[in-house]
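Colleague: Once you've had a glance at the structure underneath, I'll fire off some questions.
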Amino acid sequence: MSLPATAVVAPTPGSLDSYHVTREPYYRAIGDEVALYEAAYSVRMPIMLKGPTGCGKTRFVEYMAWKLGKPLITVACNEDMTASDLVGRFLLDASGTRWQDGPLALASRYGAICYLDEVVEARQDTTVVIHPLTDARRILPLEKKGEIIEAHPDFQVVISYNPGYQSLMKDLKQSTKQRFGALDFNYPEHEVEAEIIAHESGVSMDVAKNLVHIAERARNLKGHGLDEGISTRMLIYAGRLITQGVAPLAACRVALVRPITDDPDMRDALDAAVTTYF
Amino acid sequence: MAIHLEEFQSLLDELPGSAQELLRASWNEAARTLTPRGLDNYLKGAVALHHLGRGEDLVVGFIQSMPELARGVGEEALPDLVNFLLGMASKTSGHVLALIVGTAPLAAQRLSDAGLFVSYLKVLEIMLTQAPRGLRPMLENLDRLLTQLTLGGLRRWVQWGAQAYRSDLDGQVAYFSLQSADALAVLQQERKGTLFVDIQRRLNIYQRAMWGRDFFLRPTSGDYESREELKPYIEHYVIHIADAYDNYKPLGPDTPPEQCVPALEIYRAAVNHCAAHLVFTQQPLSMQMLHPAQMAVIEVFEDARVEELSIRQFPNMREAWLTLHPVFDYSREPQSIGELLDRLGRALLEEQSHDPHPWVREAVVAFHAQTDLSTNQTSWNLGIDLSHKLFELPLPEFNNRTDHRLSAIYRDDNRAVWQLEEYDEAQALEATWQTRQQVRKKVSLMEMVNEVDNEFAGDDAQEVWELPTEYLFDDGVSINELEGRPPTSEPFYYPEWDYKIQLERPNWVTVLERHPPVGELAVIENIIIENKPVISRLKFLIESIVPQGMQRIRHVEDGDDLDINAAVRAMIDIRMGQLPDPRIMMRHKRTLRELAVMVLLDMSESSNDKVRGHDYTIMDLTRAATVLFANALDRIGDPFAIHGFCSDGRHDVHYHRFKDFDQPYGDIAKARLAGMKGHLSTRMGAALRHAGHYLAQQLKSKRVIFVITDGEPADNDVYDPQYLRHDTKHAIEELASKGITVYALSLDPHADQYVSRIFGAKNFTVIDEVERLPEKLPTLYMSLTR
């Protein structure tokens, strides 16, 4: 069982050592996405990962960063994020003010893969700061500091987004979309998903298959009362609870059914679906 | 469209004065709920009751409660009730008859099905003949009785009381007024189990989750005399299921509570079994040349086949079904073929059957030896093979009717297994469900002259040709001047939700946009002058709304920019050796009013009614409210549109666009508002879908439709009061999934009963003081969008 290997150590300027992915993250390739990504990286093409939540987008980026041996800087985007949060800002210091590089500046200066998670959550005026970095220019102007960073040869931007649940309003601008190559992610095939769950949580293959069956029931309800089906990540959580000795029914209730819905009827129907397997 | 009371003058004259007065007062309400035929029945009924000579109470009660009854179960119930009252008049007093009429709406609301209402009248008939003294106390307790009992339960409760107190009149009264202990005991015993209506949504979600598709579930309307015969059945791909189940007691009435199977589990088992039939059957079997016993055996195998296939997908269904099968005493020899078949049913479902009967064992072995279960031909073959051996057993001959089979409660009657032999006219009619689309095209003048069949065809013509230029006759008069009508837009087709079949009828409603007529601008100016005080009050509210733009928040530790003043102050502190204030940043906050508003006005006939106690109509008020609202929106700067609708059947929903999002709120829009007139009906779902179509084009994060209406959805081609309510609800849910909120302002004081069901618990306001609508609307909007 391996836990996600994200680095969260505070940055020390000039070095991205702490951002290196040191252990090999578990990733089970589903198609040719690894080869496609490698090809895209070799020409430093920005990449967009699309897919529902918890289907392995972030894990894929970690795995690729490890495979390519490059540092990985992850930014979780949100609505209140401003351009300064990405680019950097002046901070107060004992000797005056001091410029603090933001994650994007850091990655482009020292050569890392910059991963903007759930990028549509950020406002459109924030996302445009990545534009000069994601076309032929590959530069990042720091207007407040009066500096232009020429991107390091190793630098690449990867963004992820979930086309499913955003409203019509929260979409990427065309000018942003067209700067990226896109890889589609989805929940894996039945057998493969069971294999992933068995590996990640340590449950037996039979239990893993039953968990996938339950998830497929919930995915049937997407758009019919559920905004999103049960993700692979949730199944792994349920599996981990089961390996901890929690009864399967209780584990599914806690990790699968209760988190995704508040609707009592929906909860009841899903609970009933769980009992047809455990 | 409007039907006036004067048309029925001859009938009206026959009624007593007070009834006439009441009828005039309630005419508007009645005319809105009832069709012309219904109104005719309504008045004739009132006259007939008057001729009974059982007092004015009865007539007055009838006039008062019938519209409500029609809203509950449809107007077809009216003649039934009148006939019932006429038939019963000789048996009871006018007072009791009036009571029956008075409680009819309550019963209708509880039963909400026309068929059930007729059965309810039959129960009253039993009461009248067997225990007439009890009728009055019973009707007084009707509310409580119907909340706790199904109609069948009520009937059994009534019969028990009538039998027990046949000659004890005081006892009768005590029983039916729920005073005596045994009345309560029987009531407790007859309490209905789990009602289908309460769990329908849960079952639907469950089915969707399990099978990945929708099945249509309907309760079998009507209750059963004895509770055993509650078999589900499948007809035309719809699963019909009992309207109530009790908890299942596998060991008989003495089963300990922990071993009882909850009624919900029976529902689930039943729908899963029926769904399995539907999923795993491609082609029904032919019943030609088959003996009833052979059919029964084939059915047992067919049940086992579809169940086995679903168990492969959902392992624990075996257990769920098995608990609902009766348990047999294997030491006993089966007495009939029916019993043997039940044992076979259980044995085939069990993983390891222990049934010692040689025929059952042989059947189980043969079934498990089958490799291909995917077609029902397998069941047919097995059934034929084994039925030959069944006939050799020393058992009485099989009779489908009398050979009582205990079979598991959840199993359907298997009518869907067999090919329907005879021609089914209803089914054939339903199949002609194609969308009938009118062709509209633009043609050249020569085509028009040479080929047009009929210049004066109505709107229902198969093809409508349009000539872009004027079509002039030889004398220079254009055809438009002679026959012209205002042009309509290209038709927009929208689906409509039919709650009975749980399906959208595709392209069911046609929305035609029309140019709104233009009125006098002075009307609008008058409104503004009249409402001066309101406008100046609103002004403060408008100004308090935060305008769109950038806001600078200073004094934050973590911001976008350095706040130079604060930074210098902090530096001075540092140089002086003091602790600096670390909050030297400022943050930019963008305030957005990301909002687009659609005001959708209900312009149906009813809006021409006068507001009670005033000489202006509801339409005048709506207009005034819209004008003030538009003024406010114009000043706040939120983009908005004002549209209106009315309908004349599903083929012609009128839609007027008074102001669009991209048009300024100027003289044209105002003049159109001034020319607004009310007529026809309220098909709200289609109008909402069309309004949503326009609003969806607005790229704003919040999109709101305000519907201003004075009644519930209705149209002249729909008689079922529930139909358009459900459709409107469905339209609102669809819009919600597109990120559009619908908010209703209802001017109907009785609206509480239905608006929350249609629009959701939070999205409506019922305006009691209609006069204050002009002020209410903008205030409400601002408080909602703050």
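Quick note on naming: the chains in the structure tokens go A, B, ... in the order shown, residues restart at 1 in each chain, and ligands are numbered from 1 in order of appearance.
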If the cut-off is 8 Å, can you tell me the residues of chain B near chain A, counting only C-alpha atoms? I'd like them as a list in words.

Modeller: Arg201, Arg202, Leu203, Ile205, Tyr206, Arg208, Ala209, Met210, Trp211, Gly212, Arg213, Phe314, Pro315, Asn316, Met317, Gly559, Asp560, Asp561, Leu562, Ala567, Met571, Ile574, Pro582, Ile584, Leu699, Lys700, Ser701, Lys738 and Gly739 of chain B

Colleague: Within range 503-637 of chain B, find each residue whose DSSP state, derived from the backbone, is strand (DSSP E), and express the selection as a PyMOL selection string.

Modeller: chain B and resi 503-514+549-556+561-562+585-591+595-602

Colleague: Rounded to one decimal in Å, what is the spacing between CA of Gly666 in chain B and CA of Arg537 in chain B?

Modeller: 22.7 Å

Colleague: Skip range 136-151 of chain B itself and residues of its chain fewer than 2 positions away, then list as a compact mmCIF listing (two decimals) with all heavy atoms, in the first residue's frame all residues within 9 Å of it, counting only C-alpha atoms.

Modeller:
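Written out: out.txt:
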# COMPACT_ATOMS: atom_id res chain seq x y z
N HIS B 95 -79.36 16.68 5.87
CA HIS B 95 -78.17 17.10 6.60
C HIS B 95 -76.99 16.17 6.31
O HIS B 95 -75.87 16.61 6.07
CB HIS B 95 -78.48 17.12 8.10
CG HIS B 95 -77.34 17.63 8.91
ND1 HIS B 95 -77.07 18.97 9.03
CD2 HIS B 95 -76.38 16.96 9.58
CE1 HIS B 95 -75.99 19.12 9.77
NE2 HIS B 95 -75.55 17.92 10.13
N VAL B 96 -77.28 14.86 6.32
CA VAL B 96 -76.22 13.89 6.05
C VAL B 96 -75.73 14.03 4.61
O VAL B 96 -74.52 13.98 4.33
CB VAL B 96 -76.71 12.46 6.35
CG1 VAL B 96 -75.69 11.44 5.84
CG2 VAL B 96 -76.95 12.28 7.82
N LEU B 99 -73.46 16.75 4.41
CA LEU B 99 -72.17 16.37 5.01
C LEU B 99 -71.33 15.57 4.02
O LEU B 99 -70.11 15.76 3.90
CB LEU B 99 -72.43 15.55 6.27
CG LEU B 99 -71.32 15.53 7.32
CD1 LEU B 99 -70.97 16.93 7.74
CD2 LEU B 99 -71.75 14.69 8.51
N ILE B 100 -72.00 14.68 3.28
CA ILE B 100 -71.28 13.89 2.27
C ILE B 100 -70.66 14.82 1.23
O ILE B 100 -69.50 14.69 0.86
CB ILE B 100 -72.23 12.89 1.58
CG1 ILE B 100 -72.67 11.81 2.58
CG2 ILE B 100 -71.57 12.25 0.37
CD1 ILE B 100 -73.68 10.85 2.03
N THR B 103 -67.67 16.77 2.69
CA THR B 103 -66.42 16.03 2.91
C THR B 103 -65.87 15.45 1.63
O THR B 103 -64.76 14.91 1.63
CB THR B 103 -66.63 14.89 3.92
OG1 THR B 103 -67.77 14.15 3.51
CG2 THR B 103 -66.81 15.41 5.32
N LEU B 106 -62.35 16.53 0.63
CA LEU B 106 -61.33 15.93 1.50
C LEU B 106 -61.01 14.52 1.04
O LEU B 106 -59.84 14.14 0.89
CB LEU B 106 -61.86 15.92 2.94
CG LEU B 106 -60.94 15.24 3.95
CD1 LEU B 106 -59.76 16.13 4.25
CD2 LEU B 106 -61.70 14.89 5.21
N ALA B 107 -62.08 13.75 0.79
CA ALA B 107 -61.87 12.38 0.31
C ALA B 107 -61.12 12.39 -1.02
O ALA B 107 -60.19 11.61 -1.23
CB ALA B 107 -63.21 11.67 0.16
N ARG B 110 -57.45 13.02 -0.47
CA ARG B 110 -56.73 11.88 0.11
C ARG B 110 -56.58 10.75 -0.90
O ARG B 110 -55.57 10.05 -0.92
CB ARG B 110 -57.49 11.35 1.32
CG ARG B 110 -57.39 12.24 2.50
CD ARG B 110 -56.21 11.84 3.36
NE ARG B 110 -56.05 12.79 4.42
CZ ARG B 110 -54.91 13.40 4.69
NH1 ARG B 110 -53.85 13.13 3.98
NH2 ARG B 110 -54.84 14.26 5.68
N LEU B 111 -57.62 10.52 -1.71
CA LEU B 111 -57.59 9.37 -2.60
C LEU B 111 -56.90 9.72 -3.91
O LEU B 111 -56.24 8.90 -4.51
CB LEU B 111 -59.01 8.88 -2.88
CG LEU B 111 -59.77 8.46 -1.62
CD1 LEU B 111 -61.24 8.27 -1.93
CD2 LEU B 111 -59.20 7.17 -1.05
N LEU B 116 -60.77 5.49 -7.44
CA LEU B 116 -60.86 5.26 -6.00
C LEU B 116 -62.02 6.05 -5.40
O LEU B 116 -62.66 5.59 -4.47
CB LEU B 116 -59.55 5.66 -5.32
CG LEU B 116 -58.37 4.73 -5.53
CD1 LEU B 116 -57.17 5.22 -4.74
CD2 LEU B 116 -58.71 3.31 -5.11
N SER B 119 -65.14 4.18 -5.77
CA SER B 119 -65.20 3.09 -4.78
C SER B 119 -65.55 3.64 -3.39
O SER B 119 -66.21 2.97 -2.61
CB SER B 119 -63.88 2.35 -4.69
OG SER B 119 -63.39 2.08 -5.97
N TYR B 120 -65.06 4.84 -3.11
CA TYR B 120 -65.35 5.46 -1.83
C TYR B 120 -66.86 5.69 -1.69
O TYR B 120 -67.45 5.44 -0.64
CB TYR B 120 -64.58 6.77 -1.73
CG TYR B 120 -65.08 7.74 -0.68
CD1 TYR B 120 -64.82 7.52 0.67
CD2 TYR B 120 -65.81 8.88 -1.04
CE1 TYR B 120 -65.28 8.41 1.63
CE2 TYR B 120 -66.26 9.77 -0.09
CZ TYR B 120 -66.01 9.54 1.24
OH TYR B 120 -66.46 10.40 2.19
N VAL B 123 -68.47 2.62 -0.62
CA VAL B 123 -68.35 2.38 0.83
C VAL B 123 -69.44 3.15 1.56
O VAL B 123 -70.09 2.62 2.47
CB VAL B 123 -66.95 2.80 1.33
CG1 VAL B 123 -66.88 2.69 2.85
CG2 VAL B 123 -65.88 1.96 0.70
N PRO B 132 -76.84 3.33 9.03
CA PRO B 132 -77.07 4.74 8.69
C PRO B 132 -76.77 5.69 9.84
O PRO B 132 -76.33 6.82 9.60
CB PRO B 132 -78.54 4.78 8.30
CG PRO B 132 -79.14 3.52 8.80
CD PRO B 132 -78.06 2.52 8.90
N ARG B 133 -76.94 5.24 11.07
CA ARG B 133 -76.71 6.13 12.20
C ARG B 133 -75.23 6.50 12.32
O ARG B 133 -74.87 7.52 12.87
CB ARG B 133 -77.12 5.45 13.52
CG ARG B 133 -78.58 5.35 13.72
CD ARG B 133 -79.14 6.73 14.07
NE ARG B 133 -80.55 6.61 14.35
CZ ARG B 133 -81.03 6.48 15.59
NH1 ARG B 133 -80.21 6.46 16.62
NH2 ARG B 133 -82.32 6.36 15.79
N GLY B 134 -74.39 5.58 11.85
CA GLY B 134 -72.95 5.80 12.01
C GLY B 134 -72.37 6.76 11.01
O GLY B 134 -71.23 7.19 11.14
N GLY B 153 -59.09 -0.80 3.50
CA GLY B 153 -59.08 -0.84 4.96
C GLY B 153 -60.31 -0.18 5.53
O GLY B 153 -60.94 -0.69 6.45
N LEU B 154 -60.66 0.96 4.94
CA LEU B 154 -61.84 1.68 5.40
C LEU B 154 -63.09 0.81 5.23
O LEU B 154 -63.94 0.72 6.10
CB LEU B 154 -62.00 2.98 4.60
CG LEU B 154 -63.21 3.84 4.97
CD1 LEU B 154 -63.01 4.44 6.35
CD2 LEU B 154 -63.45 4.94 3.96
N ARG B 155 -63.14 0.14 4.08
CA ARG B 155 -64.31 -0.70 3.82
C ARG B 155 -64.42 -1.82 4.85
O ARG B 155 -65.47 -2.09 5.38
CB ARG B 155 -64.20 -1.28 2.40
CG ARG B 155 -65.36 -2.15 2.03
CD ARG B 155 -65.50 -2.28 0.55
NE ARG B 155 -64.21 -2.45 -0.08
CZ ARG B 155 -63.96 -2.12 -1.34
NH1 ARG B 155 -64.88 -1.56 -2.07
NH2 ARG B 155 -62.78 -2.33 -1.86
N ARG B 156 -63.26 -2.45 5.11
CA ARG B 156 -63.30 -3.54 6.10
C ARG B 156 -63.66 -3.01 7.48
O ARG B 156 -64.40 -3.62 8.23
CB ARG B 156 -61.96 -4.27 6.13
CG ARG B 156 -61.78 -5.17 4.93
CD ARG B 156 -60.54 -6.01 5.06
NE ARG B 156 -59.34 -5.20 4.97
CZ ARG B 156 -58.75 -4.87 3.83
NH1 ARG B 156 -59.24 -5.28 2.69
NH2 ARG B 156 -57.68 -4.13 3.82
N TRP B 157 -63.15 -1.83 7.81
CA TRP B 157 -63.44 -1.23 9.11
C TRP B 157 -64.94 -0.95 9.22
O TRP B 157 -65.58 -1.23 10.23
CB TRP B 157 -62.62 0.05 9.25
CG TRP B 157 -62.78 0.75 10.57
CD1 TRP B 157 -62.21 0.41 11.75
CD2 TRP B 157 -63.56 1.92 10.82
NE1 TRP B 157 -62.58 1.28 12.74
CE2 TRP B 157 -63.41 2.22 12.19
CE3 TRP B 157 -64.38 2.73 10.03
CZ2 TRP B 157 -64.03 3.31 12.79
CZ3 TRP B 157 -65.00 3.81 10.62
CH2 TRP B 157 -64.82 4.10 12.00
N VAL B 173 -73.06 4.39 16.93
CA VAL B 173 -72.57 5.77 16.99
C VAL B 173 -71.20 5.80 17.65
O VAL B 173 -70.26 6.46 17.17
CB VAL B 173 -73.57 6.67 17.73
CG1 VAL B 173 -73.00 8.06 17.92
CG2 VAL B 173 -74.88 6.73 16.97
N ALA B 174 -71.05 5.06 18.75
CA ALA B 174 -69.78 5.06 19.47
C ALA B 174 -68.66 4.50 18.59
O ALA B 174 -67.55 5.03 18.54
CB ALA B 174 -69.90 4.23 20.74
N TYR B 175 -68.98 3.43 17.86
CA TYR B 175 -67.96 2.81 17.01
C TYR B 175 -67.52 3.78 15.92
O TYR B 175 -66.33 4.03 15.73
CB TYR B 175 -68.53 1.53 16.39
CG TYR B 175 -67.57 0.80 15.47
CD1 TYR B 175 -66.70 -0.17 15.97
CD2 TYR B 175 -67.53 1.07 14.11
CE1 TYR B 175 -65.81 -0.85 15.14
CE2 TYR B 175 -66.65 0.40 13.26
CZ TYR B 175 -65.80 -0.55 13.78
OH TYR B 175 -64.94 -1.21 12.97
N PHE B 176 -68.50 4.35 15.23
CA PHE B 176 -68.13 5.16 14.05
C PHE B 176 -67.60 6.54 14.41
O PHE B 176 -67.01 7.22 13.58
CB PHE B 176 -69.31 5.26 13.08
CG PHE B 176 -69.52 3.97 12.33
CD1 PHE B 176 -70.56 3.11 12.64
CD2 PHE B 176 -68.62 3.60 11.35
CE1 PHE B 176 -70.73 1.92 11.98
CE2 PHE B 176 -68.78 2.41 10.67
CZ PHE B 176 -69.83 1.56 10.98
N SER B 177 -67.83 6.95 15.67
CA SER B 177 -67.20 8.20 16.06
C SER B 177 -65.87 7.92 16.75
O SER B 177 -65.29 8.80 17.38
CB SER B 177 -68.12 9.00 16.98
OG SER B 177 -68.48 8.21 18.09
N LEU B 178 -65.39 6.67 16.64
CA LEU B 178 -64.09 6.26 17.17
C LEU B 178 -64.02 6.39 18.68
O LEU B 178 -62.96 6.63 19.24
CB LEU B 178 -62.96 7.08 16.53
CG LEU B 178 -62.68 6.77 15.05
CD1 LEU B 178 -61.72 7.80 14.48
CD2 LEU B 178 -62.10 5.38 14.91
N LEU B 187 -59.27 -0.46 13.81
CA LEU B 187 -58.54 0.56 13.04
C LEU B 187 -57.06 0.22 13.02
O LEU B 187 -56.39 0.28 11.99
CB LEU B 187 -58.77 1.92 13.69
CG LEU B 187 -58.18 3.13 12.97
CD1 LEU B 187 -58.86 3.33 11.64
CD2 LEU B 187 -58.36 4.37 13.82
N GLN B 188 -56.53 -0.13 14.19
CA GLN B 188 -55.12 -0.48 14.31
C GLN B 188 -54.79 -1.66 13.42
O GLN B 188 -53.79 -1.68 12.72
CB GLN B 188 -54.82 -0.79 15.79
CG GLN B 188 -53.35 -0.97 16.09
CD GLN B 188 -52.56 0.30 15.77
OE1 GLN B 188 -53.08 1.40 15.92
NE2 GLN B 188 -51.35 0.13 15.29
N GLU B 190 -56.30 -2.64 10.75
CA GLU B 190 -56.42 -2.36 9.33
C GLU B 190 -55.45 -1.32 8.82
O GLU B 190 -55.47 -0.96 7.66
CB GLU B 190 -57.86 -1.89 9.00
CG GLU B 190 -58.88 -2.98 9.12
CD GLU B 190 -58.66 -4.10 8.14
OE1 GLU B 190 -57.94 -3.89 7.14
OE2 GLU B 190 -59.18 -5.20 8.36
N ARG B 191 -54.67 -0.79 9.72
CA ARG B 191 -53.71 0.24 9.30
C ARG B 191 -52.98 -0.22 8.07
O ARG B 191 -52.49 -1.33 8.00
CB ARG B 191 -52.67 0.47 10.39
CG ARG B 191 -53.08 1.43 11.44
CD ARG B 191 -51.95 1.58 12.40
NE ARG B 191 -50.93 2.44 11.83
CZ ARG B 191 -50.92 3.76 11.99
NH1 ARG B 191 -51.84 4.33 12.69
NH2 ARG B 191 -49.98 4.48 11.45
N LYS B 192 -52.87 0.68 7.13
CA LYS B 192 -52.18 0.28 5.91
C LYS B 192 -50.69 0.15 6.19
O LYS B 192 -50.15 0.79 7.07
CB LYS B 192 -52.43 1.32 4.83
CG LYS B 192 -52.06 2.72 5.23
CD LYS B 192 -52.73 3.69 4.31
CE LYS B 192 -52.50 5.12 4.74
NZ LYS B 192 -53.26 6.07 3.97
N GLY B 193 -50.06 -0.70 5.42
CA GLY B 193 -48.63 -0.89 5.57
C GLY B 193 -47.89 0.26 4.92
O GLY B 193 -48.25 1.41 5.06
N LEU B 195 -47.08 2.56 2.00
CA LEU B 195 -47.79 2.97 0.80
C LEU B 195 -46.83 3.16 -0.36
O LEU B 195 -45.74 3.70 -0.19
CB LEU B 195 -48.51 4.28 1.04
CG LEU B 195 -49.82 4.20 1.80
CD1 LEU B 195 -50.51 5.54 1.78
CD2 LEU B 195 -50.72 3.15 1.16
N GLY B 222 -56.92 1.13 -6.98
CA GLY B 222 -57.95 0.31 -6.34
C GLY B 222 -57.31 -0.56 -5.28
O GLY B 222 -56.12 -0.85 -5.32
N ASP B 223 -58.09 -0.92 -4.34
CA ASP B 223 -57.60 -1.73 -3.25
C ASP B 223 -58.22 -3.10 -3.38
O ASP B 223 -59.14 -3.30 -4.14
CB ASP B 223 -58.00 -1.09 -1.94
CG ASP B 223 -57.05 -1.46 -0.84
OD1 ASP B 223 -56.99 -2.64 -0.50
OD2 ASP B 223 -56.38 -0.55 -0.33
N TYR B 224 -57.73 -4.04 -2.65
CA TYR B 224 -58.23 -5.40 -2.78
C TYR B 224 -59.01 -5.77 -1.52
O TYR B 224 -58.67 -5.36 -0.43
CB TYR B 224 -57.08 -6.37 -2.97
CG TYR B 224 -56.36 -6.13 -4.25
CD1 TYR B 224 -55.35 -5.18 -4.31
CD2 TYR B 224 -56.70 -6.81 -5.40
CE1 TYR B 224 -54.69 -4.94 -5.49
CE2 TYR B 224 -56.05 -6.57 -6.58
CZ TYR B 224 -55.04 -5.63 -6.62
OH TYR B 224 -54.40 -5.39 -7.78
N ASP B 243 -50.62 -0.95 -4.27
CA ASP B 243 -50.45 0.38 -3.71
C ASP B 243 -50.07 0.37 -2.24
O ASP B 243 -49.76 1.41 -1.67
CB ASP B 243 -51.69 1.25 -3.96
CG ASP B 243 -52.93 0.67 -3.30
OD1 ASP B 243 -52.85 -0.49 -2.82
OD2 ASP B 243 -53.96 1.35 -3.27
N ALA B 244 -50.10 -0.79 -1.60
CA ALA B 244 -49.60 -0.88 -0.22
C ALA B 244 -49.19 -2.31 0.07
O ALA B 244 -49.83 -3.25 -0.40
CB ALA B 244 -50.68 -0.45 0.76

Colleague: Using DSSP on the backbone coordinates, identify all residues within range 440-579 of chain B classified as helix (DSSP H, G or I); present the result as a ChimeraX atom specification.

Modeller: /B:445-451,479-483,521-530,532-544,564-575

Colleague: Neighbouring residues of Met45 in chain A were defined as those with any atom within 8 Å, considering only C-alpha atoms; residues of the same chain fewer than 3 positions away were excluded. Please report them as a list in words.

Modeller: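 The residues satisfying every condition are Ala40, Tyr41, Ser42, Thr134, Gln156, Phe180 and Gly181 of chain A.
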
Colleague: Could you pull the residues within 10 Å of range 229-235 of chain A, counting only C-alpha atoms, minus those fewer than 5 positions along the same chain, as a ChimeraX atom specification?

Modeller: /A:52-56,186-188,193-194,196-198,200-201,208,211-212,214-223,240-241,251-252,254-257,259-260

Colleague: What's around Ala624 in chain B at 10 Å? Count only C-alpha atoms, leave out sequence neighbours fewer than 5 positions away in its own chain, and write the answer as a short mmCIF file (atom, residue, chain, number, x, y, z; two decimals) with N, CA and C atoms, in the first residue's frame.

Modeller:
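Dumped to result.cif:
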data_model
loop_
_atom_site.label_atom_id
_atom_site.label_comp_id
_atom_site.auth_asym_id
_atom_site.auth_seq_id
_atom_site.Cartn_x
_atom_site.Cartn_y
_atom_site.Cartn_z
N VAL B 523 -50.19 55.14 -20.71
CA VAL B 523 -50.55 54.19 -19.65
C VAL B 523 -49.37 53.98 -18.72
N ILE B 524 -48.21 53.80 -19.31
CA ILE B 524 -47.02 53.54 -18.51
C ILE B 524 -46.65 54.78 -17.69
N ASN B 526 -48.63 57.04 -16.65
CA ASN B 526 -49.58 57.15 -15.54
C ASN B 526 -49.17 56.26 -14.38
N ILE B 527 -48.74 55.03 -14.72
CA ILE B 527 -48.34 54.12 -13.66
C ILE B 527 -47.21 54.71 -12.86
N ILE B 528 -46.25 55.31 -13.56
CA ILE B 528 -45.10 55.88 -12.86
C ILE B 528 -45.54 57.04 -11.98
N GLU B 530 -48.56 57.49 -10.68
CA GLU B 530 -49.36 56.98 -9.56
C GLU B 530 -48.49 56.37 -8.48
N ASN B 531 -47.39 55.78 -8.88
CA ASN B 531 -46.58 55.04 -7.91
C ASN B 531 -45.36 55.82 -7.46
N ILE B 618 -56.31 42.26 -12.44
CA ILE B 618 -55.02 41.67 -12.06
C ILE B 618 -53.97 42.02 -13.11
N MET B 619 -54.42 42.06 -14.38
CA MET B 619 -53.49 42.42 -15.44
C MET B 619 -52.93 43.82 -15.23
N PHE B 629 -40.66 47.21 -11.60
CA PHE B 629 -39.56 46.25 -11.54
C PHE B 629 -38.55 46.57 -12.63
N ALA B 630 -39.07 46.82 -13.83
CA ALA B 630 -38.18 47.11 -14.95
C ALA B 630 -37.39 48.38 -14.68
N LEU B 673 -45.72 46.79 -23.27
CA LEU B 673 -46.28 46.46 -21.95
C LEU B 673 -47.67 47.07 -21.81
N ALA B 674 -47.80 48.29 -22.34
CA ALA B 674 -49.09 48.96 -22.23
C ALA B 674 -50.17 48.22 -23.02
N LEU B 773 -48.61 44.31 -4.96
CA LEU B 773 -47.68 43.65 -5.86
C LEU B 773 -46.63 44.59 -6.46
N PRO B 774 -47.05 45.79 -6.96
CA PRO B 774 -46.05 46.67 -7.58
C PRO B 774 -44.88 46.96 -6.66
N GLU B 775 -45.17 47.10 -5.38
CA GLU B 775 -44.09 47.39 -4.47
C GLU B 775 -43.32 46.12 -4.10
#

Colleague: Hey, what's within 10 Å of Lys50 in chain A if we count only C-alpha atoms and toss same-chain stuff fewer than 6 positions away? As a compact mmCIF listing (two decimals) with N, CA and C atoms, in the first residue's frame, please?

Modeller:
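Listed below is the output, result27.txt:
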# COMPACT_ATOMS: atom_id res chain seq x y z
N LYS A 57 -6.34 11.55 -12.14
CA LYS A 57 -5.61 12.58 -12.89
C LYS A 57 -4.35 13.02 -12.14
N GLU A 118 -7.83 21.46 -10.93
CA GLU A 118 -9.17 22.07 -11.02
C GLU A 118 -9.10 23.51 -11.47
N ILE A 159 -2.70 21.20 -16.63
CA ILE A 159 -3.89 21.61 -15.89
C ILE A 159 -4.87 20.44 -15.87
N SER A 160 -5.75 20.44 -14.88
CA SER A 160 -6.75 19.39 -14.88
C SER A 160 -8.11 20.06 -14.72
N TYR A 161 -9.11 19.46 -15.31
CA TYR A 161 -10.45 19.93 -14.97
C TYR A 161 -11.50 18.87 -15.21
N ASN A 162 -12.60 19.08 -14.55
CA ASN A 162 -13.67 18.11 -14.55
C ASN A 162 -14.81 18.69 -15.37
N PRO A 163 -14.97 18.23 -16.61
CA PRO A 163 -15.99 18.85 -17.46
C PRO A 163 -17.40 18.54 -16.99
N GLY A 164 -17.54 17.59 -16.06
CA GLY A 164 -18.87 17.14 -15.66
C GLY A 164 -19.65 18.13 -14.84
N ALA A 182 -5.01 17.65 -24.88
CA ALA A 182 -5.88 17.14 -23.82
C ALA A 182 -5.87 15.62 -23.78
N LEU A 183 -5.85 15.10 -22.57
CA LEU A 183 -5.99 13.66 -22.37
C LEU A 183 -7.28 13.42 -21.60
N ASP A 184 -8.09 12.52 -22.09
CA ASP A 184 -9.35 12.21 -21.43
C ASP A 184 -9.16 11.10 -20.41
N PHE A 185 -9.67 11.31 -19.25
CA PHE A 185 -9.61 10.26 -18.22
C PHE A 185 -11.02 9.85 -17.87
N ASN A 186 -11.17 8.61 -17.53
CA ASN A 186 -12.46 8.18 -17.01
C ASN A 186 -12.22 7.05 -16.02
